[in-house]
Structures are given as structure tokens and as C-alpha cells.
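Data file: final.pdb. Format and content: PDB, C-alpha atoms.
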ATOM      1  CA  MET L   1      12.462 -35.965  32.902
ATOM      2  CA  ALA L   2      14.710 -36.124  29.812
ATOM      3  CA  ASN L   3      11.846 -37.414  27.682
ATOM      4  CA  ASN L   4       9.606 -34.601  28.896
ATOM      5  CA  ALA L   5      12.266 -32.041  27.983
ATOM      6  CA  ILE L   6      12.646 -33.560  24.507
ATOM      7  CA  PHE L   7       8.880 -33.557  23.942
ATOM      8  CA  ALA L   8       8.718 -29.945  25.148
ATOM      9  CA  ARG L   9      11.464 -28.930  22.719
ATOM     10  CA  LEU L  10       9.777 -30.800  19.862
ATOM     11  CA  SER L  11       6.501 -29.111  20.730
ATOM     12  CA  ASN L  12       8.167 -25.696  20.698
ATOM     13  CA  LEU L  13       9.868 -26.531  17.397
ATOM     14  CA  TRP L  14       6.613 -27.636  15.836
ATOM     15  CA  THR L  15       4.879 -24.529  17.159
ATOM     16  CA  GLY L  16       7.655 -22.427  15.623
ATOM     17  CA  PHE L  17       7.242 -24.114  12.236
ATOM     18  CA  ILE L  18       3.486 -23.593  12.346
ATOM     19  CA  SER L  19       3.975 -19.943  13.325
ATOM     20  CA  LEU L  20       6.385 -19.352  10.423
ATOM     21  CA  TRP L  21       4.052 -21.135   8.018
ATOM     22  CA  VAL L  22       1.082 -19.068   9.146
ATOM     23  CA  SER L  23       3.208 -15.911   8.969
ATOM     24  CA  ASP L  24       4.189 -16.688   5.372
ATOM     25  CA  ILE L  25       0.555 -17.299   4.435
ATOM     26  CA  GLU L  26      -0.477 -14.005   6.070
ATOM     27  CA  LYS L  27       2.235 -12.164   4.125
ATOM     28  CA  GLU L  28       0.961 -13.632   0.878
ATOM     29  CA  HIS L  29      -2.673 -13.028   1.866
ATOM     30  CA  PRO L  30      -2.757  -9.998   4.219
ATOM     31  CA  GLU L  31      -6.536  -9.810   3.945
ATOM     32  CA  ILE L  32      -6.656 -13.064   5.913
ATOM     33  CA  ALA L  33      -4.441 -11.636   8.668
ATOM     34  CA  TYR L  34      -6.548  -8.482   8.883
ATOM     35  CA  GLN L  35      -9.782 -10.449   8.883
ATOM     36  CA  ASN L  36      -8.495 -12.750  11.630
ATOM     37  CA  ALA L  37      -7.450  -9.758  13.752
ATOM     38  CA  ILE L  38     -10.811  -8.068  13.180
ATOM     39  CA  GLY L  39     -12.637 -11.306  13.998
ATOM     40  CA  SER L  40     -10.648 -11.701  17.220
ATOM     41  CA  MET L  41     -11.418  -8.121  18.261
ATOM     42  CA  ILE L  42     -15.098  -8.585  17.441
ATOM     43  CA  GLU L  43     -15.135 -11.703  19.622
ATOM     44  CA  LYS L  44     -13.574  -9.721  22.490
ATOM     45  CA  TYR L  45     -16.052  -6.921  21.863
ATOM     46  CA  THR L  46     -18.945  -9.383  22.102
ATOM     47  CA  LYS L  47     -17.651 -10.771  25.405
ATOM     48  CA  LEU L  48     -16.990  -7.281  26.750
ATOM     49  CA  LYS L  49     -20.460  -6.219  25.672
ATOM     50  CA  ALA L  50     -21.987  -9.124  27.604
ATOM     51  CA  ALA L  51     -19.898  -8.247  30.682
ATOM     52  CA  THR L  52     -20.874  -4.596  30.355
ATOM     53  CA  GLY L  53     -24.506  -5.604  30.154
ATOM     54  CA  ALA L  54     -24.138  -7.590  33.379
ATOM     55  CA  ILE L  55     -22.440  -4.635  35.116
ATOM     56  CA  ILE L  56     -25.189  -2.261  33.983
ATOM     57  CA  ALA L  57     -27.851  -4.745  35.137
ATOM     58  CA  ARG L  58     -26.169  -4.890  38.561
ATOM     59  CA  ARG L  59     -26.094  -1.097  38.744
ATOM     60  CA  GLN L  60     -29.767  -0.959  37.835
ATOM     61  CA  GLU L  61     -30.580  -3.579  40.471
ATOM     62  CA  ILE L  62     -28.675  -1.667  43.164
ATOM     63  CA  THR L  63     -30.323   1.592  42.071
ATOM     64  CA  ALA L  64     -33.759  -0.053  42.318
ATOM     65  CA  ARG L  65     -32.980  -1.339  45.829
ATOM     66  CA  LEU L  66     -31.688   2.078  46.796
ATOM     67  CA  ASP L  67     -34.911   3.718  45.595
ATOM     68  CA  THR L  68     -36.983   1.144  47.530
ATOM     69  CA  HIS L  69     -34.995   1.715  50.740
ATOM     70  CA  GLU L  70     -35.207   5.480  50.373
ATOM     71  CA  ARG L  71     -38.997   5.305  49.991
ATOM     72  CA  GLU L  72     -39.184   2.956  52.950
ATOM     73  CA  LEU L  73     -36.987   5.295  55.018
ATOM     74  CA  ALA L  74     -39.244   8.202  54.126
ATOM     75  CA  SER L  75     -42.264   6.198  55.228
ATOM     76  CA  VAL L  76     -40.603   5.089  58.506
ATOM     77  CA  SER L  77     -39.518   8.653  59.229
ATOM     78  CA  ALA L  78     -43.068   9.861  58.724
ATOM     79  CA  ASP L  79     -44.424   7.105  60.991
ATOM     80  CA  LEU L  80     -41.818   8.009  63.630
ATOM     81  CA  GLU L  81     -42.930  11.629  63.602
ATOM     82  CA  THR L  82     -46.533  10.495  64.088
ATOM     83  CA  ALA L  83     -45.579   8.178  66.963
ATOM     84  CA  LEU L  84     -43.641  10.945  68.662
ATOM     85  CA  ALA L  85     -46.528  13.364  68.174
ATOM     86  CA  THR L  86     -48.995  10.875  69.697
ATOM     87  CA  ASN L  87     -46.672   9.838  72.540
ATOM     88  CA  GLN L  88     -46.547   6.231  71.403
ATOM     89  CA  ASP L  89     -43.115   5.593  72.804
ATOM     90  CA  ASP L  90     -43.077   1.833  72.343
ATOM     91  CA  LEU L  91     -43.934   2.221  68.662
ATOM     92  CA  ALA L  92     -41.436   5.071  68.360
ATOM     93  CA  VAL L  93     -38.649   2.818  69.704
ATOM     94  CA  VAL L  94     -39.411   0.174  67.093
ATOM     95  CA  LEU L  95     -39.527   2.781  64.347
ATOM     96  CA  ILE L  96     -36.202   4.295  65.474
ATOM     97  CA  GLN L  97     -34.542   0.873  65.307
ATOM     98  CA  LYS L  98     -35.993   0.300  61.845
ATOM     99  CA  LYS L  99     -34.883   3.761  60.741
ATOM    100  CA  ASN L 100     -31.332   3.083  61.964
ATOM    101  CA  ALA L 101     -31.215  -0.197  60.071
ATOM    102  CA  LEU L 102     -32.459   1.539  56.925
ATOM    103  CA  ASP L 103     -29.848   4.308  57.329
ATOM    104  CA  THR L 104     -27.084   1.696  57.544
ATOM    105  CA  ALA L 105     -28.455  -0.259  54.566
ATOM    106  CA  LEU L 106     -28.816   2.962  52.565
ATOM    107  CA  ALA L 107     -25.206   3.954  53.262
ATOM    108  CA  GLU L 108     -24.018   0.603  51.970
ATOM    109  CA  LEU L 109     -26.351   0.746  48.954
ATOM    110  CA  ARG L 110     -25.185   4.270  48.065
ATOM    111  CA  ALA L 111     -21.565   3.079  48.168
ATOM    112  CA  ASP L 112     -22.443   0.026  46.053
ATOM    113  CA  ALA L 113     -24.397   2.228  43.639
ATOM    114  CA  ALA L 114     -21.490   4.626  43.246
ATOM    115  CA  LEU L 115     -19.092   1.719  42.597
ATOM    116  CA  ALA L 116     -21.542   0.066  40.194
ATOM    117  CA  THR L 117     -21.931   3.361  38.307
ATOM    118  CA  THR L 118     -18.145   3.722  38.035
ATOM    119  CA  ASP L 119     -17.802   0.124  36.861
ATOM    120  CA  ALA L 120     -20.556   0.603  34.296
ATOM    121  CA  ASP L 121     -19.005   3.822  32.975
ATOM    122  CA  ASN L 122     -15.577   2.190  32.693
ATOM    123  CA  ALA L 123     -17.069  -0.824  30.933
ATOM    124  CA  LYS L 124     -18.931   1.402  28.488
ATOM    125  CA  ASP L 125     -15.752   3.403  27.824
ATOM    126  CA  SER L 126     -13.847   0.179  27.191
ATOM    127  CA  LEU L 127     -16.630  -1.029  24.914
ATOM    128  CA  ILE L 128     -16.555   2.212  22.932
ATOM    129  CA  GLN L 129     -12.761   2.058  22.712
ATOM    130  CA  VAL L 130     -12.786  -1.518  21.397
ATOM    131  CA  LYS L 131     -15.511  -0.591  18.897
ATOM    132  CA  SER L 132     -13.384   2.352  17.762
ATOM    133  CA  GLU L 133     -10.333   0.093  17.391
ATOM    134  CA  ILE L 134     -12.377  -2.337  15.295
ATOM    135  CA  ASP L 135     -13.556   0.489  13.028
ATOM    136  CA  LYS L 136      -9.986   1.816  12.692
ATOM    137  CA  LEU L 137      -8.705  -1.681  11.916
ATOM    138  CA  LYS L 138     -11.363  -2.125   9.233
ATOM    139  CA  ALA L 139     -10.403   1.231   7.699
ATOM    140  CA  GLU L 140      -6.722   0.281   7.900
ATOM    141  CA  LYS L 141      -7.475  -3.029   6.209
ATOM    142  CA  ASP L 142      -9.190  -1.293   3.289
ATOM    143  CA  ARG L 143      -6.404   1.299   3.022
ATOM    144  CA  MET L 144      -3.519  -1.172   3.242
ATOM    145  CA  LEU L 145      -5.085  -3.651   0.833
ATOM    146  CA  ALA L 146      -5.686  -0.820  -1.633
ATOM    147  CA  GLN L 147      -2.015   0.186  -1.307
ATOM    148  CA  MET L 148      -0.939  -3.438  -1.770
ATOM    149  CA  HIS L 149      -3.074  -3.877  -4.899
ATOM    150  CA  SER L 150      -1.706  -0.607  -6.278
ATOM    151  CA  ALA L 151       1.877  -1.702  -5.559
ATOM    152  CA  GLN L 152       1.241  -5.100  -7.167
ATOM    153  CA  ALA L 153      -0.139  -3.404 -10.281
ATOM    154  CA  ARG L 154       2.914  -1.133 -10.469
ATOM    155  CA  LEU L 155       5.261  -4.087 -10.059
ATOM    156  CA  LYS L 156       3.409  -5.946 -12.787
ATOM    157  CA  ILE L 157       3.709  -2.978 -15.150
ATOM    158  CA  GLN L 158       7.388  -2.581 -14.304
ATOM    159  CA  GLY L 159       7.934  -6.269 -14.991
ATOM    160  CA  GLN L 160       6.198  -5.940 -18.333
ATOM    161  CA  LEU L 161       8.304  -2.909 -19.214
ATOM    162  CA  ASP L 162      11.463  -4.734 -18.194
ATOM    163  CA  GLY L 163      10.453  -7.595 -20.464
ATOM    164  CA  LEU L 164      10.078  -5.282 -23.462
ATOM    165  CA  SER L 165      13.718  -5.520 -24.552
ATOM    166  CA  VAL L 166      14.767  -3.455 -27.571
ATOM    167  CA  ASP L 167      18.015  -5.344 -28.109
ATOM    168  CA  ALA L 168      16.670  -7.233 -31.119
ATOM    169  CA  GLU L 169      15.413  -4.044 -32.770
ATOM    170  CA  VAL L 170      18.681  -2.255 -32.078
ATOM    171  CA  GLN L 171      20.650  -5.167 -33.509
ATOM    172  CA  ALA L 172      18.433  -5.227 -36.605
ATOM    173  CA  LEU L 173      18.929  -1.517 -37.198
ATOM    174  CA  SER L 174      22.634  -1.921 -36.590
ATOM    175  CA  ALA L 175      22.775  -4.579 -39.294
ATOM    176  CA  VAL L 176      20.825  -2.319 -41.649
ATOM    177  CA  ARG L 177      23.180   0.571 -40.949
ATOM    178  CA  ASP L 178      26.224  -1.618 -41.590
ATOM    179  CA  HIS L 179      24.682  -2.849 -44.835
ATOM    180  CA  ILE L 180      23.991   0.696 -46.028
ATOM    181  CA  LYS L 181      27.526   1.788 -45.146
ATOM    182  CA  SER L 182      28.889  -1.249 -46.985
ATOM    183  CA  GLN L 183      26.867  -0.375 -50.101
ATOM    184  CA  VAL L 184      28.078   3.221 -49.995
ATOM    185  CA  ALA L 185      31.672   2.037 -49.525
ATOM    186  CA  GLN L 186      31.370  -0.384 -52.451
ATOM    187  CA  ALA L 187      30.007   2.358 -54.682
ATOM    188  CA  SER L 188      32.836   4.683 -53.716
ATOM    189  CA  MET L 189      35.370   1.921 -54.158
ATOM    190  CA  GLY L 190      34.089   1.195 -57.694
ATOM    191  CA  SER L 191      34.506   4.825 -58.644
ATOM    192  CA  GLU L 192      37.991   4.940 -57.150
ATOM    193  CA  LEU L 193      38.972   1.727 -58.916
ATOM    194  CA  ARG L 194      37.771   3.073 -62.251
ATOM    195  CA  GLU L 195      39.809   6.243 -61.775
ATOM    196  CA  SER L 196      42.944   4.224 -60.993
ATOM    197  CA  ASP L 197      42.505   1.734 -63.886
ATOM    198  CA  LEU L 198      45.271   1.997 -66.640
ATOM    199  CA  ASP L 199      42.804   1.868 -69.521
ATOM    200  CA  VAL L 200      40.772   4.597 -67.937
ATOM    201  CA  ARG L 201      43.891   6.686 -67.455
ATOM    202  CA  LEU L 202      44.979   6.012 -71.072
ATOM    203  CA  ASN L 203      41.596   7.072 -72.384
ATOM    204  CA  LYS L 204      41.824  10.228 -70.336
ATOM    205  CA  LEU L 205      45.285  10.822 -71.739
ATOM    206  CA  ARG L 206      44.097  10.311 -75.343
ATOM    207  CA  GLN L 207      41.193  12.611 -74.740
ATOM    208  CA  SER L 208      43.612  15.172 -73.389
ATOM    209  CA  SER L 209      46.005  14.684 -76.377
ATOM    210  CA  GLY L 210      43.162  15.020 -78.833
ATOM    211  CA  SER L 211      42.147  18.240 -77.238
ATOM    212  CA  VAL L 212      45.718  19.568 -77.488
ATOM    213  CA  THR L 213      46.012  18.517 -81.149
ATOM    214  CA  ALA L 214      42.699  20.105 -81.980
ATOM    215  CA  LYS L 215      43.770  23.338 -80.391
ATOM    216  CA  ALA L 216      47.050  23.280 -82.380
ATOM    217  CA  GLN L 217      45.139  22.681 -85.584
ATOM    218  CA  LEU L 218      42.801  25.506 -84.748
ATOM    219  CA  ASP L 219      45.733  27.865 -84.232
ATOM    220  CA  ALA L 220      47.311  26.765 -87.539
ATOM    221  CA  MET L 221      44.052  27.308 -89.414
ATOM    222  CA  LYS L 222      43.680  30.751 -87.912
ATOM    223  CA  GLN L 223      47.232  31.651 -88.961
ATOM    224  CA  ALA L 224      46.691  30.342 -92.512
ATOM    225  CA  ARG L 225      43.440  32.254 -92.827
ATOM    226  CA  ALA L 226      45.118  35.426 -91.584
ATOM    227  CA  ALA L 227      47.957  34.982 -94.078
ATOM    228  CA  ALA L 228      45.485  34.424 -96.915
ATOM    229  CA  GLN L 229      43.598  37.539 -96.084
ATOM    230  CA  ALA L 230      46.799  39.615 -95.889
ATOM    231  CA  ALA L 231      48.248  38.432 -99.290
ATOM    232  CA  PRO L 232      46.067  40.546-101.740
ATOM    233  CA  VAL L 233      46.836  43.723 -99.886
ATOM    234  CA  LYS L 234      50.584  43.267-100.579
ATOM    235  CA  ASN L 235      50.021  42.759-104.399
ATOM    236  CA  LEU L 236      48.276  46.048-104.704
TER     237      LEU L 236
END
Could you spell out this file's structure in C-alpha cells?
Amino acid sequence: MANNAIFARLSNLWTGFISLWVSDIEKEHPEIAYQNAIGSMIEKYTKLKAATGAIIARRQEITARLDTHERELASVSADLETALATNQDDLAVVLIQKKNALDTALAELRADAALATTDADNAKDSLIQVKSEIDKLKAEKDRMLAQMHSAQARLKIQGQLDGLSVDAEVQALSAVRDHIKSQVAQASMGSELRESDLDVRLNKLRQSSGSVTAKAQLDAMKQARAAAQAAPVKNL
């Protein structure tokens, strides 16, 4: 008993592993899952179609028997009327018995025919329903696979976009910017250093002194010229 329980548990475990494995494969390849489901439904449809055919054949067979019995009843009824009209009582008794048997058989056949018709209609409805489900499943398969392929393409594009990192370009431009700023700073620093250099300041001072001296000389020359021009006027 214990061994049987262990084997049963191992069997269930193995079945579970197989089920998970198949489930993973179906997730990776949904077209296989859809095709398997469609194939299973088609197989059921084929079996149901065969059963429906048998039910319809039975209905047709009962209907044929019913037609035969109804024709026979009509014939017996006509013969009975003739026997009664000709006072053939012994023949009339036989015909009445036959008519009663046909009436009973016809009642049973009519009930069987009604049931066979209902069974055939239900089977045809079921057949149509299964066919409709197969068509809907095929349409769903096409629609869902199209959505999956579209989603996969979008994910692929997103992955490609994510992989297009601009960090290197940004870092390169950052280095270029820093270099340009450094060059500008060095140029400004050179100018500032030149302005603060003692020799430069001394040269500026000499240039300024020269300008002052030149202006003083200019003023003296103007005064001397003015004095020279004014001297003859006084002698007269």
C-alpha cells in the first residue's frame, strides 16, 4: 500500500513537471498551443459529425418505416371498407386486427420519429456550434499571434533604443566644453598677468610721464611764441 502511494505521488509529480514544461513551451510558442486546441476541436467535430450522421440516418430510417406503415394502413383501411361493403365479415375481422396492429405500430413510430427528429436537430445545432467555435478560435489565433508579433517588434525596437546610449557623446562634448573654457581662461589670465607685470606697469608709467612732459613743453612753446609776437608791439 505504501509503495503504491509513493508511485502515485511520483506519477503526479512527473505529470506536474511535464505539464509545467509543456506550459512553458506553449508560452514561448503560442501558435503551437492554438494549433493543438484547434486540432482537438476539429477531432471532436469529426466525431460529432459522424454521430450526427448516424442520428440523421436513424431518423431517415424511422421516417421511411413510418411512410411504409402509413401506406399499408391506408391500403388495409380501404380493404376493410370493401369487406364491410360486401358483407365479408370473416375477412373484415382479419383486416380490423391488422388495422389495429398498424395503428399501434404507427403510434410508436410517430413517437420514435419525433424523438429522432429532435435528436437530429440537437446534433446539428451542436455540430454548427462546434464549427463556429473552431472558426472563432482560428480567428482568435490569427489576431493574438498578430498582436504578439507586434508586441515583440515593439519590444525589440525599445531594446534597441535603450541600447543607444548617449553617455559617450555627452562626455566627449563635456570634455570639449571644458577644454574651450580652459583656453578662454588661459587667454584671459595671460592678459591679466601682463597688466599686473612690473615692467608693463613701468612702461605705462613712462608713457604717461612722456605725455605729461610733452604737454608741458607744448605749453612752454606756446607761451614763448606768444611773448615773441607781443614784443614788437611794445617797441613801437
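This file, filtered with the PyMOL selection byres ((chain L and resi 141-145) around 10), gives the residues L:His29, L:Pro30, L:Glu31, L:Ala33, L:Tyr34, L:Gln35, L:Ile38, L:Asp135, L:Lys136, L:Leu137, L:Lys138, L:Ala139, L:Glu140, L:Ala146, L:Gln147, L:Met148, L:His149, L:Ser150, L:Ala151.
You will find CA of Thr82 in chain L at 22.9 Å from CA of Asp67 in chain L.
CA of Ala105 in chain L lies 27.8 Å from CA of Lys124 in chain L.
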Compile the contact shell of Ile128 in chain L as a short mmCIF file (atom, residue, chain, number, x, y, z; two decimals) with C-alpha atoms, keeping the file's coordinate frame: residues with an atom at most 12 Å away, counting all atoms listed in the file, same-chain residues fewer than 4 positions apart removed.
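Now in result.cif:
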data_model
loop_
_atom_site.label_atom_id
_atom_site.label_comp_id
_atom_site.auth_asym_id
_atom_site.auth_seq_id
_atom_site.Cartn_x
_atom_site.Cartn_y
_atom_site.Cartn_z
CA TYR L 45 -16.05 -6.92 21.86
CA THR L 46 -18.94 -9.38 22.10
CA LEU L 48 -16.99 -7.28 26.75
CA LYS L 49 -20.46 -6.22 25.67
CA THR L 52 -20.87 -4.60 30.36
CA ASP L 121 -19.00 3.82 32.98
CA ASN L 122 -15.58 2.19 32.69
CA ALA L 123 -17.07 -0.82 30.93
CA LYS L 124 -18.93 1.40 28.49
CA SER L 132 -13.38 2.35 17.76
CA GLU L 133 -10.33 0.09 17.39
CA ILE L 134 -12.38 -2.34 15.30
CA ASP L 135 -13.56 0.49 13.03
#
Between L:Leu127, L:Ala153, L:Ser208, L:Gln160, which is the closest to Met41 in chain L once you count all atoms listed in the file? L:Leu127
Closest to Ala57 in chain L among L:Ile32, L:Ile42, L:Leu80, L:Ala113, using all atoms listed in the file? L:Ala113
Output as CSV one row per residue of range 85-160 of chain L within 8 Å of range 71-75 of chain L: the closest atom pair and its distance in Å to one decimal place, counting all atoms listed in the file, sorted by chain and residue number ascending.
residue,atom,partner,partner_atom,distance
L:Lys99,CA,L:Leu73,CA,6.3
L:Leu102,CA,L:Leu73,CA,6.2
L:Asp103,CA,L:Leu73,CA,7.6
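Protein, DNA and RNA residues at most 7 Å from (-21.8, 0.3, 37.1), with all atoms listed in the file, are these: Ile55, Ile56, Arg58, Arg59, Leu115, Ala116, Thr117, Thr118, Asp119, Ala120 and Asp121 of chain L.
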The distance between CA of Ala54 in chain L and CA of Asp112 in chain L is 14.9 Å
Which residues, written as a ChimeraX atom specification, have at least one atom at most 8 Å from Leu106 in chain L, with only C-alpha atoms counted and residues fewer than 3 positions away on the same chain left out? /L:66,69-70,102-103,109-110
